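Working notes for the structure below.
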Amino acid sequence: MSSSGDESSSVASSSDEETSNIKEPPTKKTRLVSDVQPTSKPLELAPAVASTDQQRKASQASKQKIIILLDQARLETVKNRRGIFELLNCDDHRDLCKKKLKRDPKEFRPDICHQELLALIDSPLNKSGNLQVYIKTNKNVLIEVNPAIRIPRTFKRFSGLIVQLLHKMKIKAGTTSTTLMKVIKNPFSQHLPPGTRVYGMSCEGTLYSPNGLANAIIPTDPSSDHPPVCFVIGAMAAGHITVEDHPYIEKMISVSEYPLSGAAAISRILCGIENHWGIV
């Protein structure tokens with residue numbers, strides 16, 4: 001009798017060990033916790049960035065502004081068959097350019113001005129308050145651009161904005177009375193501060209690297225009292241900036257040994273100046 005009791009007790013103990021060795025399936029919370037693996041090393045912290053108020057105060061304290069003139073921009077309006085004014089361009093008005101205007105449609109490229117404005121207004125140099133942009137059309141219309149404007153991303157909306165500007169002579173913000181774009185009086189030279197050094201951009205000009213150009217003609221400190229620098233950049237499909245059209249140009253310069261689009265040349269110039277002034 002005692003031997004049978006010992007056997008039954010040993011069977012019971014072995015069954016308890018087997019049940020204890022069987023692990024329960026992990027719950028959803030347990031799986032989520034176990035899936036999260038600790039990183040091998042802590043993440044690097046990003047450098048401190050000045051607040052918007054600090055950036056605004058710094059830009060107001062800075063007296064140095066880079067002036068950009070987009071010259072010979074093809075910004076003209078035309079009335080379509082429905083009696084609505086549109087921005088004349090080679091895609092939508094090809095037949096009109098050939099038959100009525102007797103001009104090559106390739107000349108009418110307002111999209112070049114659009115691309116250059118996007119490169120200028122979206123740049124860190126402009127957001128830091130160190131850039132002023134002007135536009136001069138082939139019809140000798142001079143336009144001042146507020147640095148706070150947001151250029152429309154699509155060409156269709158940009159065309160509507162320019163048509164409104166050329167007819168009403170100014171564009172105001174919807175919520176405030178701030179003037180974003182306005183037509184101003186010629187000549188352009190009267191809007192330049194005294195002593196401004198003006199340079200024309202051309203692929204035939206003296207070749208500089210972007211950083212070399214900034215070191216050569218841009219003051220080291222943006223808040224210094226040195227006279228500002230102005231760049232005249234073409235916004236036309238073909239042709240060059242000439243000293244005959246702008247007699248106040250000191251020198252013709254280039255930022256690449258290859259022909260570049262206006263937006264690409266602008267990006268190289270602004271990048272060199274931003275590196276020179278430590279604007280990130």
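All residue names refer to the structure tokens as shown: chains lettered A, B, ... in order, residues numbered from 1 in each chain, ligands numbered from 1 in order.
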
Using only C-alpha atoms, what table do you get, as CSV, when you list each residue of segment 103-169 of chain A with an atom no more than 7 Å from segment 73-92 of chain A, its nearest pair of atoms, and their distance in Å rounded to one decimal, rows by chain then rising number?
residue,atom,partner,partner_atom,distance
A:Pro105,CA,A:Cys90,CA,4.8
A:Lys106,CA,A:Cys90,CA,5.9
A:Phe108,CA,A:Asn89,CA,5.0
A:Arg109,CA,A:Asn89,CA,5.7
A:Pro110,CA,A:Arg74,CA,5.1
A:Cys113,CA,A:Ala73,CA,6.1
A:Lys136,CA,A:Ala73,CA,6.2
A:Thr137,CA,A:Ala73,CA,4.4
A:Asn138,CA,A:Ala73,CA,5.8
A:Ser159,CA,A:Leu87,CA,5.5
A:Val163,CA,A:Leu87,CA,6.2

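In this structure, atom CA of Gln115 of chain A sits 11.0 Å away from atom CA of Ser267 of chain A.
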
Problem set entry | Surrounding residues of Asp221 of chain A excluding itself and chain neighbours under 4 positions, 9 Å, only C-alpha atoms, as a ChimeraX atom specification | /A:64,225-226,276-277

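Non-sequential neighbours of segment 164-166 of chain A (distance at most 8 Å, separation of 5 or more positions within a chain, only C-alpha atoms) are Thr77, Ile171, Met181, Lys182 and Val183 of chain A.
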
Taking N, CA and C atoms for each residue, export the selection above as an mmCIF file, in the first residue's frame.
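Result file follows (again19.cif):
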data_model
loop_
_atom_site.group_PDB
_atom_site.id
_atom_site.type_symbol
_atom_site.label_atom_id
_atom_site.label_comp_id
_atom_site.auth_asym_id
_atom_site.auth_seq_id
_atom_site.Cartn_x
_atom_site.Cartn_y
_atom_site.Cartn_z
ATOM 1 N N THR A 77 0.291 90.952 -70.160
ATOM 2 C CA THR A 77 -1.072 90.427 -70.121
ATOM 3 C C THR A 77 -1.691 90.471 -71.508
ATOM 4 N N ILE A 171 -0.442 94.664 -54.839
ATOM 5 C CA ILE A 171 -1.088 93.486 -54.266
ATOM 6 C C ILE A 171 -0.981 93.605 -52.754
ATOM 7 N N MET A 181 3.331 93.277 -53.140
ATOM 8 C CA MET A 181 4.006 93.633 -54.389
ATOM 9 C C MET A 181 3.401 94.937 -54.890
ATOM 10 N N LYS A 182 4.237 95.787 -55.463
ATOM 11 C CA LYS A 182 3.733 97.049 -55.989
ATOM 12 C C LYS A 182 4.620 97.534 -57.118
ATOM 13 N N VAL A 183 4.010 98.279 -58.030
ATOM 14 C CA VAL A 183 4.733 98.901 -59.133
ATOM 15 C C VAL A 183 5.289 100.234 -58.649
#

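The space between atom CA of Val255 of chain A and atom CA of Arg268 of chain A spans 7.2 Å.
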
For this session: Enumerate, as a PyMOL selection string, the complete set of residues in segment 23-249 of chain A that a backbone-based DSSP assignment places in strand (DSSP E or B).
Result: chain A and resi 66-73+77-79+85-87+131-137+142-145+170-172+179-184+197-207+229-234+249

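The smallest atom-to-atom distance between Asn140 of chain A and any of A:Asn211, A:Asn186, A:Ser224, A:Ser261, using only C-alpha atoms, is found for A:Asn186.
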
Exercise. Pick the closest to Arg197 of chain A from A:Glu144, A:Val229, A:Lys139, A:Gly272: which is it, counting only C-alpha atoms?
Worked result: A:Val229

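Nearest residue to Ser209 of chain A, choosing from A:Leu101, A:Ile253, A:Val280, A:Ala148 and counting only C-alpha atoms: A:Ile253.
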
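Candidate residues A:Thr179, A:Phe188, A:Pro222, A:Pro259 were compared for distance to Ser128 of chain A, and the nearest is A:Pro222, using only C-alpha atoms.
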
For this session: Could you tell me which of A:Phe158, A:Glu274, A:Ser202, A:Ser177 comes closest to Ile112 of chain A if we count only C-alpha atoms?
Result: A:Phe158

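DSSP, applied to the backbone of this structure, assigns helix (DSSP H, G or I) to the following residues of segment 117-168 of chain A: Leu117, Leu118, Ala119, Leu120, Ile121, Pro124, Leu125, Asn126, Lys127, Phe155, Lys156, Arg157, Phe158, Ser159, Gly160, Leu161, Ile162, Val163, Gln164, Leu165, Leu166, His167 and Lys168 of chain A.
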